[in-house]
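Dumped target.cif below, it's mmCIF, C-alpha atoms:
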data_input
loop_
_atom_site.label_atom_id
_atom_site.label_comp_id
_atom_site.auth_asym_id
_atom_site.auth_seq_id
_atom_site.Cartn_x
_atom_site.Cartn_y
_atom_site.Cartn_z
CA GLU Z 11 15.81 6.77 139.72
CA PRO Z 12 19.36 7.38 140.97
CA GLU Z 13 21.11 4.33 142.34
CA VAL Z 14 24.28 3.20 144.06
CA THR Z 15 26.59 1.32 141.71
CA GLN Z 16 29.25 -1.18 142.73
CA THR Z 17 32.09 -2.79 140.83
CA PRO Z 18 33.07 -5.49 140.29
CA SER Z 19 29.99 -7.67 140.77
CA HIS Z 20 32.21 -10.64 141.58
CA GLN Z 21 35.84 -10.70 142.71
CA VAL Z 22 37.87 -13.86 143.15
CA THR Z 23 41.18 -13.45 144.97
CA GLN Z 24 43.87 -15.62 146.47
CA MET Z 25 44.21 -15.54 150.25
CA GLY Z 26 46.73 -12.94 151.31
CA GLN Z 27 46.12 -10.66 148.36
CA GLU Z 28 44.71 -7.15 148.55
CA VAL Z 29 41.34 -6.25 147.05
CA ILE Z 30 39.65 -2.95 146.37
CA LEU Z 31 35.89 -2.79 146.09
CA ARG Z 32 34.46 0.25 144.38
CA CYS Z 33 31.23 2.14 144.83
CA VAL Z 34 29.64 5.20 143.30
CA PRO Z 35 27.08 6.55 145.77
CA ILE Z 36 24.00 8.50 144.74
CA SER Z 37 25.31 11.86 143.59
CA ASN Z 38 23.75 14.22 146.17
CA HIS Z 39 24.19 11.86 149.12
CA LEU Z 40 26.65 12.82 151.82
CA TYR Z 41 26.87 9.71 154.02
CA PHE Z 42 28.41 6.47 152.84
CA TYR Z 43 28.51 2.99 154.32
CA TRP Z 44 29.88 -0.47 153.83
CA TYR Z 45 28.05 -3.57 155.05
CA ARG Z 46 28.79 -7.21 154.48
CA GLN Z 47 26.70 -10.37 154.43
CA ILE Z 48 28.30 -13.76 154.83
CA LEU Z 49 26.29 -16.43 153.01
CA GLY Z 50 23.22 -17.38 155.01
CA GLN Z 51 23.84 -14.77 157.71
CA LYS Z 52 22.58 -11.31 158.54
CA VAL Z 53 23.76 -8.05 157.01
CA GLU Z 54 26.48 -6.55 159.23
CA PHE Z 55 27.63 -2.95 159.49
CA LEU Z 56 31.30 -2.32 158.74
CA VAL Z 57 31.88 1.41 158.55
CA SER Z 58 30.25 4.79 157.99
CA PHE Z 59 31.95 7.73 156.31
CA TYR Z 60 31.11 11.41 156.20
CA ASN Z 61 33.00 14.56 155.28
CA ASN Z 62 36.05 12.54 154.23
CA GLU Z 63 36.48 10.69 157.46
CA ILE Z 64 35.23 7.59 159.23
CA SER Z 65 32.36 8.44 161.58
CA GLU Z 66 31.89 4.97 163.01
CA LYS Z 67 33.31 1.50 162.51
CA SER Z 68 32.44 -1.95 163.83
CA GLU Z 69 34.66 -4.51 165.51
CA ILE Z 70 34.89 -6.28 162.16
CA PHE Z 71 36.55 -3.22 160.61
CA ASP Z 72 40.06 -3.80 161.92
CA ASP Z 73 43.44 -2.68 160.55
CA GLN Z 74 42.97 -4.99 157.59
CA PHE Z 75 40.27 -2.69 156.24
CA SER Z 76 40.36 0.88 154.99
CA VAL Z 77 38.03 3.21 153.15
CA GLU Z 78 38.69 6.15 150.92
CA ARG Z 79 36.89 8.68 148.80
CA PRO Z 80 39.61 9.28 146.21
CA ASP Z 81 37.57 11.75 144.15
CA GLY Z 82 34.16 13.38 144.08
CA SER Z 83 32.26 10.28 143.05
CA ASN Z 84 33.96 7.05 144.14
CA PHE Z 85 34.00 5.41 147.56
CA THR Z 86 36.28 2.43 148.01
CA LEU Z 87 36.79 -0.38 150.51
CA LYS Z 88 40.27 -1.89 150.61
CA ILE Z 89 40.95 -5.21 152.29
CA ARG Z 90 44.64 -5.94 152.82
CA SER Z 91 45.95 -9.50 153.15
CA THR Z 92 42.58 -11.18 152.63
CA LYS Z 93 41.54 -14.21 154.66
CA LEU Z 94 39.18 -17.05 153.83
CA GLU Z 95 36.62 -15.64 156.27
CA ASP Z 96 36.47 -12.38 154.30
CA SER Z 97 34.43 -14.22 151.68
CA ALA Z 98 31.04 -12.48 151.65
CA MET Z 99 28.79 -10.07 149.78
CA TYR Z 100 29.91 -6.51 150.37
CA PHE Z 101 27.28 -3.83 150.05
CA CYS Z 102 27.85 -0.12 149.68
CA ALA Z 103 25.05 2.19 150.79
CA SER Z 104 24.49 5.92 150.85
CA SER Z 105 22.06 8.31 152.45
CA LEU Z 106 21.24 11.95 152.04
CA GLN Z 107 21.77 13.17 155.58
CA GLY Z 108 22.79 10.33 157.88
CA GLN Z 109 20.64 9.79 160.95
CA ARG Z 110 16.93 9.29 160.37
CA GLN Z 111 17.47 8.93 156.64
CA PRO Z 112 16.97 5.78 154.59
CA GLN Z 113 20.09 4.09 153.28
CA HIS Z 114 20.06 2.94 149.68
CA PHE Z 115 22.11 -0.12 148.82
CA GLY Z 116 24.08 -1.03 145.75
CA ASP Z 117 23.85 -4.45 144.11
CA GLY Z 118 26.90 -5.65 146.01
CA THR Z 119 30.23 -7.27 145.24
CA ARG Z 120 30.56 -10.98 145.86
CA LEU Z 121 34.08 -11.53 147.21
CA SER Z 122 35.43 -15.06 147.06
CA ILE Z 123 38.76 -15.79 148.74
CA LEU Z 124 40.50 -18.98 147.63
CA GLN O 4 25.27 -6.39 171.78
CA LYS O 5 22.08 -4.86 170.45
CA GLU O 6 19.88 -7.39 168.74
CA VAL O 7 17.03 -7.48 166.30
CA GLU O 8 14.83 -10.55 166.38
CA GLN O 9 12.71 -11.86 163.54
CA ASN O 10 11.05 -15.18 162.93
CA SER O 11 13.09 -16.75 160.14
CA GLY O 12 10.03 -18.43 158.60
CA PRO O 13 9.19 -19.38 156.00
CA LEU O 14 5.89 -17.60 156.30
CA SER O 15 3.61 -19.05 153.66
CA VAL O 16 0.50 -17.14 152.58
CA PRO O 17 -1.84 -17.58 149.61
CA GLU O 18 -1.97 -14.99 146.88
CA GLY O 19 -4.26 -12.12 147.83
CA ALA O 20 -3.88 -12.64 151.58
CA ILE O 21 -2.33 -10.34 154.16
CA ALA O 22 1.21 -11.19 155.24
CA SER O 23 2.22 -10.03 158.71
CA LEU O 24 5.92 -9.77 159.53
CA ASN O 25 7.13 -8.99 163.03
CA CYS O 26 10.32 -7.68 164.56
CA THR O 27 11.52 -6.89 168.09
CA TYR O 28 14.60 -4.90 168.93
CA SER O 29 16.63 -4.46 172.09
CA ASP O 30 18.07 -0.93 171.71
CA ARG O 31 15.66 1.45 173.44
CA GLY O 32 17.52 4.33 171.83
CA SER O 33 16.63 3.33 168.27
CA GLN O 34 14.87 6.21 166.52
CA SER O 35 14.51 5.12 162.92
CA PHE O 36 13.16 1.85 161.62
CA PHE O 37 13.45 0.47 158.13
CA TRP O 38 12.09 -2.51 156.30
CA TYR O 39 14.11 -3.92 153.43
CA ARG O 40 13.21 -6.63 150.98
CA GLN O 41 15.97 -8.96 149.82
CA TYR O 42 15.51 -11.40 146.98
CA SER O 43 17.83 -14.38 147.01
CA GLY O 44 21.33 -13.36 145.96
CA LYS O 45 20.38 -9.70 145.68
CA SER O 46 20.90 -6.58 147.75
CA PRO O 47 18.51 -5.12 150.34
CA GLU O 48 15.87 -2.91 148.76
CA LEU O 49 14.22 -0.26 150.92
CA ILE O 50 10.46 -0.59 151.07
CA MET O 51 9.38 1.31 154.21
CA SER O 52 10.69 3.66 156.85
CA ILE O 53 8.94 4.63 160.08
CA TYR O 54 10.02 6.99 162.84
CA SER O 55 6.99 7.57 165.09
CA ASN O 56 4.67 5.30 167.01
CA GLY O 57 1.62 4.20 165.07
CA ASP O 58 0.95 3.14 161.52
CA LYS O 59 2.40 4.31 158.23
CA GLU O 60 0.88 3.18 154.96
CA ASP O 61 2.45 3.15 151.51
CA GLY O 62 0.48 1.34 148.84
CA ARG O 63 0.04 -2.30 149.84
CA PHE O 64 2.51 -1.92 152.72
CA THR O 65 1.79 -0.77 156.27
CA ALA O 66 4.50 -0.41 158.88
CA GLN O 67 3.55 -0.34 162.56
CA LEU O 68 5.79 0.87 165.39
CA ASN O 69 5.42 0.57 169.14
CA LYS O 70 8.51 1.95 170.85
CA ALA O 71 7.27 1.11 174.35
CA SER O 72 7.06 -2.56 173.38
CA GLN O 73 10.17 -2.30 171.15
CA TYR O 74 8.15 -3.84 168.37
CA VAL O 75 7.84 -3.03 164.68
CA SER O 76 5.81 -4.87 162.08
CA LEU O 77 5.12 -4.88 158.37
CA LEU O 78 1.80 -5.80 156.80
CA ILE O 79 1.59 -6.65 153.12
CA ARG O 80 -1.93 -6.57 151.74
CA ASP O 81 -3.03 -8.43 148.62
CA SER O 82 0.18 -10.47 148.65
CA GLN O 83 1.57 -11.41 145.26
CA PRO O 84 3.98 -14.20 144.28
CA SER O 85 6.47 -11.44 143.42
CA ASP O 86 6.47 -10.48 147.11
CA SER O 87 8.19 -13.78 147.88
CA ALA O 88 11.50 -12.69 149.40
CA THR O 89 13.25 -12.22 152.73
CA TYR O 90 12.14 -9.15 154.66
CA LEU O 91 14.76 -7.49 156.82
CA CYS O 92 13.96 -5.32 159.81
CA ALA O 93 16.66 -2.68 160.43
CA PRO O 94 16.46 -0.16 163.25
CA ASP O 95 19.28 2.29 163.73
CA ALA O 96 21.55 2.12 166.76
CA TYR O 97 21.19 4.81 169.41
CA ASN O 98 22.55 8.18 168.33
CA THR O 99 24.11 6.80 165.14
CA ASP O 100 23.11 6.09 161.56
CA LYS O 101 24.38 2.52 161.77
CA LEU O 102 21.68 -0.01 160.91
CA ILE O 103 21.31 -3.20 162.90
CA PHE O 104 19.77 -5.91 160.75
CA GLY O 105 17.71 -8.87 161.81
CA THR O 106 18.20 -12.23 160.14
CA GLY O 107 15.03 -11.62 158.16
CA THR O 108 11.74 -13.44 157.62
CA ARG O 109 11.38 -15.46 154.46
CA LEU O 110 7.95 -14.91 152.90
CA GLN O 111 6.49 -17.32 150.39
CA VAL O 112 3.34 -16.31 148.52
CA PHE O 113 1.77 -19.21 146.66
CA PRO O 114 -0.73 -18.88 143.78
#
Now, as a test, write the supplied structure out as structure tokens.
Amino acid sequence: EPEVTQTPSHQVTQMGQEVILRCVPISNHLYFYWYRQILGQKVEFLVSFYNNEISEKSEIFDDQFSVERPDGSNFTLKIRSTKLEDSAMYFCASSLQGQRQPQHFGDGTRLSIL
Amino acid sequence: QKEVEQNSGPLSVPEGAIASLNCTYSDRGSQSFFWYRQYSGKSPELIMSIYSNGDKEDGRFTAQLNKASQYVSLLIRDSQPSDSATYLCAPDAYNTDKLIFGTGTRLQVFP
């Protein structure tokens, strides 16, 4: 069964550094998402992406964050100047057609900011 | 802020019993409702989707939706120890594909 893949599985970074989290969505999916889950808390929406542009973003997704689809398969989340509170699991998800379609999640990247 | 409420549990049931998981949501515009299972330290795994009022069955799982009461539930029949996980309720937000997650209900199935 096709799946969403994320790399790396764990990223440790010094505060203030930039990180790029990578995702390969399911190949025929058109809608892409990033969510995050701080340890012990709920999964939170960050951003949705369709047709090479952001369709919606949350209050969390400020100027520190950016997303990109650099080629036909990868979908990346960049966090500039990381902060301690950015430490979380970051999940990439994709869906076939957006609204009213299930979103399938990758295994996540655990981001630890020191 | 739209909210999704779930009892955090743990809900403990014996093997073979029916587990009943409940969820209420505040966004009357939600159209799609998803149940995800999340094992500790792992990612959410989709187990059920429901879009219309009533029941939807898939194997041992039954999802129930009542939009008037803003209530969605998940029944797990013949519960197995491998069902022990946190179950996340996730309706979409009105007119978007953004999912709003509850904190989840931790289910423990004991032999």
Please determine the contact residues of chain O with respect to chain Z at a cut-off of 6 Å, counting all atoms listed in the file, and supply them as a ChimeraX atom specification. /O:35,46,100,104,106
Quick one: pull the distance between atom CA of O:Gln9 and atom CA of O:Asn98, Å, one decimal. 22.8 Å
For the structure provided, state which residues fall under the PyMOL selection byres ((chain Z and resi 78) around 12), and present them as a ChimeraX atom specification. /Z:30-34,42-44,57-64,75-77,79-89
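Taking atom CA of O:Phe64 as the reference point, atom CA of O:Leu77 is found at 6.9 Å.
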Suppose you want the space between atom CA of O:Tyr74 and atom CA of O:Ser29; what is it in Å? 9.3 Å
If you apply the PyMOL selection byres ((chain O and resi 94) around 12) to this file, what residues do you get, as a JSON list (two decimals) with C-alpha atoms, in the coordinates of the input?
[["chain", "number", "residue", "atom", "x", "y", "z"],
["Z", 109, "GLN", "CA", 20.64, 9.79, 160.95],
["Z", 110, "ARG", "CA", 16.93, 9.29, 160.37],
["Z", 111, "GLN", "CA", 17.47, 8.93, 156.64],
["Z", 112, "PRO", "CA", 16.97, 5.78, 154.59],
["Z", 113, "GLN", "CA", 20.09, 4.09, 153.28],
["O", 5, "LYS", "CA", 22.08, -4.86, 170.45],
["O", 6, "GLU", "CA", 19.88, -7.39, 168.74],
["O", 7, "VAL", "CA", 17.03, -7.48, 166.30],
["O", 8, "GLU", "CA", 14.83, -10.55, 166.38],
["O", 26, "CYS", "CA", 10.32, -7.68, 164.56],
["O", 27, "THR", "CA", 11.52, -6.89, 168.09],
["O", 28, "TYR", "CA", 14.60, -4.90, 168.93],
["O", 29, "SER", "CA", 16.63, -4.46, 172.09],
["O", 30, "ASP", "CA", 18.07, -0.93, 171.71],
["O", 31, "ARG", "CA", 15.66, 1.45, 173.44],
["O", 32, "GLY", "CA", 17.52, 4.33, 171.83],
["O", 33, "SER", "CA", 16.63, 3.33, 168.27],
["O", 34, "GLN", "CA", 14.87, 6.21, 166.52],
["O", 35, "SER", "CA", 14.51, 5.12, 162.92],
["O", 36, "PHE", "CA", 13.16, 1.85, 161.62],
["O", 37, "PHE", "CA", 13.45, 0.47, 158.13],
["O", 38, "TRP", "CA", 12.09, -2.51, 156.30],
["O", 39, "TYR", "CA", 14.11, -3.92, 153.43],
["O", 51, "MET", "CA", 9.38, 1.31, 154.21],
["O", 52, "SER", "CA", 10.69, 3.66, 156.85],
["O", 53, "ILE", "CA", 8.94, 4.63, 160.08],
["O", 54, "TYR", "CA", 10.02, 6.99, 162.84],
["O", 68, "LEU", "CA", 5.79, 0.87, 165.39],
["O", 70, "LYS", "CA", 8.51, 1.95, 170.85],
["O", 73, "GLN", "CA", 10.17, -2.30, 171.15],
["O", 74, "TYR", "CA", 8.15, -3.84, 168.37],
["O", 75, "VAL", "CA", 7.84, -3.03, 164.68],
["O", 76, "SER", "CA", 5.81, -4.87, 162.08],
["O", 91, "LEU", "CA", 14.76, -7.49, 156.82],
["O", 92, "CYS", "CA", 13.96, -5.32, 159.81],
["O", 93, "ALA", "CA", 16.66, -2.68, 160.43],
["O", 95, "ASP", "CA", 19.28, 2.29, 163.73],
["O", 96, "ALA", "CA", 21.55, 2.12, 166.76],
["O", 97, "TYR", "CA", 21.19, 4.81, 169.41],
["O", 98, "ASN", "CA", 22.55, 8.18, 168.33],
["O", 99, "THR", "CA", 24.11, 6.80, 165.14],
["O", 100, "ASP", "CA", 23.11, 6.09, 161.56],
["O", 101, "LYS", "CA", 24.38, 2.52, 161.77],
["O", 102, "LEU", "CA", 21.68, -0.01, 160.91],
["O", 103, "ILE", "CA", 21.31, -3.20, 162.90],
["O", 104, "PHE", "CA", 19.77, -5.91, 160.75],
["O", 105, "GLY", "CA", 17.71, -8.87, 161.81]]
Nearest to O:Pro47, chosen from Z:Gln74, Z:Arg46, Z:Pro35, Z:Leu94, with all atoms listed in the file counted in the distances: Z:Arg46
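If you count all atoms listed in the file and ignore residues fewer than 3 places along the chain from O:Pro84, what sits within 6 Å of it is Ser87, Val112 and Phe113 of chain O.
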Could stretch 104-123 of chain Z be completed with N, CA, C and O atoms and returned as an mmCIF file, in the coordinates of the input?
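selection.cif was written with the following content:
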data_model
loop_
_atom_site.group_PDB
_atom_site.id
_atom_site.type_symbol
_atom_site.label_atom_id
_atom_site.label_comp_id
_atom_site.auth_asym_id
_atom_site.auth_seq_id
_atom_site.Cartn_x
_atom_site.Cartn_y
_atom_site.Cartn_z
ATOM 1 N N SER Z 104 24.349 4.484 150.638
ATOM 2 C CA SER Z 104 24.490 5.920 150.850
ATOM 3 C C SER Z 104 23.174 6.491 151.330
ATOM 4 O O SER Z 104 22.103 5.917 151.099
ATOM 5 N N SER Z 105 23.263 7.604 152.030
ATOM 6 C CA SER Z 105 22.060 8.310 152.450
ATOM 7 C C SER Z 105 22.287 9.801 152.315
ATOM 8 O O SER Z 105 23.428 10.277 152.274
ATOM 9 N N LEU Z 106 21.175 10.512 152.286
ATOM 10 C CA LEU Z 106 21.240 11.950 152.040
ATOM 11 C C LEU Z 106 21.849 12.697 153.220
ATOM 12 O O LEU Z 106 22.744 13.520 153.055
ATOM 13 N N GLN Z 107 21.367 12.360 154.431
ATOM 14 C CA GLN Z 107 21.770 13.170 155.580
ATOM 15 C C GLN Z 107 22.092 12.364 156.830
ATOM 16 O O GLN Z 107 22.121 12.904 157.897
ATOM 17 N N GLY Z 108 22.351 11.074 156.705
ATOM 18 C CA GLY Z 108 22.790 10.330 157.880
ATOM 19 C C GLY Z 108 21.631 9.863 158.733
ATOM 20 O O GLY Z 108 20.739 9.159 158.280
ATOM 21 N N GLN Z 109 21.652 10.273 160.009
ATOM 22 C CA GLN Z 109 20.640 9.790 160.950
ATOM 23 C C GLN Z 109 19.225 10.117 160.469
ATOM 24 O O GLN Z 109 18.964 11.181 159.910
ATOM 25 N N ARG Z 110 18.339 9.166 160.703
ATOM 26 C CA ARG Z 110 16.930 9.290 160.370
ATOM 27 C C ARG Z 110 16.683 9.402 158.864
ATOM 28 O O ARG Z 110 15.644 9.894 158.427
ATOM 29 N N GLN Z 111 17.624 8.939 158.087
ATOM 30 C CA GLN Z 111 17.470 8.930 156.640
ATOM 31 C C GLN Z 111 17.636 7.512 156.116
ATOM 32 O O GLN Z 111 18.519 6.777 156.571
ATOM 33 N N PRO Z 112 16.819 7.122 155.160
ATOM 34 C CA PRO Z 112 16.970 5.780 154.590
ATOM 35 C C PRO Z 112 18.319 5.618 153.904
ATOM 36 O O PRO Z 112 18.842 6.577 153.315
ATOM 37 N N GLN Z 113 18.858 4.426 153.984
ATOM 38 C CA GLN Z 113 20.090 4.090 153.280
ATOM 39 C C GLN Z 113 19.733 3.257 152.054
ATOM 40 O O GLN Z 113 18.949 2.315 152.147
ATOM 41 N N HIS Z 114 20.327 3.622 150.947
ATOM 42 C CA HIS Z 114 20.060 2.940 149.680
ATOM 43 C C HIS Z 114 21.278 2.103 149.318
ATOM 44 O O HIS Z 114 22.405 2.614 149.309
ATOM 45 N N PHE Z 115 21.032 0.851 149.022
ATOM 46 C CA PHE Z 115 22.110 -0.120 148.820
ATOM 47 C C PHE Z 115 22.407 -0.332 147.343
ATOM 48 O O PHE Z 115 21.501 -0.313 146.495
ATOM 49 N N GLY Z 116 23.677 -0.579 147.062
ATOM 50 C CA GLY Z 116 24.080 -1.030 145.750
ATOM 51 C C GLY Z 116 23.816 -2.529 145.592
ATOM 52 O O GLY Z 116 23.381 -3.195 146.532
ATOM 53 N N ASP Z 117 24.104 -3.046 144.394
ATOM 54 C CA ASP Z 117 23.850 -4.450 144.110
ATOM 55 C C ASP Z 117 24.847 -5.396 144.782
ATOM 56 O O ASP Z 117 24.615 -6.602 144.826
ATOM 57 N N GLY Z 118 25.943 -4.852 145.272
ATOM 58 C CA GLY Z 118 26.900 -5.650 146.010
ATOM 59 C C GLY Z 118 28.028 -6.208 145.159
ATOM 60 O O GLY Z 118 27.925 -6.306 143.932
ATOM 61 N N THR Z 119 29.114 -6.550 145.849
ATOM 62 C CA THR Z 119 30.230 -7.270 145.240
ATOM 63 C C THR Z 119 30.382 -8.586 145.988
ATOM 64 O O THR Z 119 30.534 -8.588 147.214
ATOM 65 N N ARG Z 120 30.329 -9.679 145.242
ATOM 66 C CA ARG Z 120 30.560 -10.980 145.860
ATOM 67 C C ARG Z 120 32.061 -11.229 145.870
ATOM 68 O O ARG Z 120 32.678 -11.327 144.806
ATOM 69 N N LEU Z 121 32.638 -11.305 147.061
ATOM 70 C CA LEU Z 121 34.080 -11.530 147.210
ATOM 71 C C LEU Z 121 34.315 -12.978 147.602
ATOM 72 O O LEU Z 121 33.776 -13.449 148.614
ATOM 73 N N SER Z 122 35.089 -13.661 146.794
ATOM 74 C CA SER Z 122 35.430 -15.060 147.060
ATOM 75 C C SER Z 122 36.928 -15.161 147.260
ATOM 76 O O SER Z 122 37.701 -14.808 146.359
ATOM 77 N N ILE Z 123 37.337 -15.628 148.424
ATOM 78 C CA ILE Z 123 38.760 -15.790 148.740
ATOM 79 C C ILE Z 123 39.106 -17.277 148.657
ATOM 80 O O ILE Z 123 38.460 -18.113 149.310
#
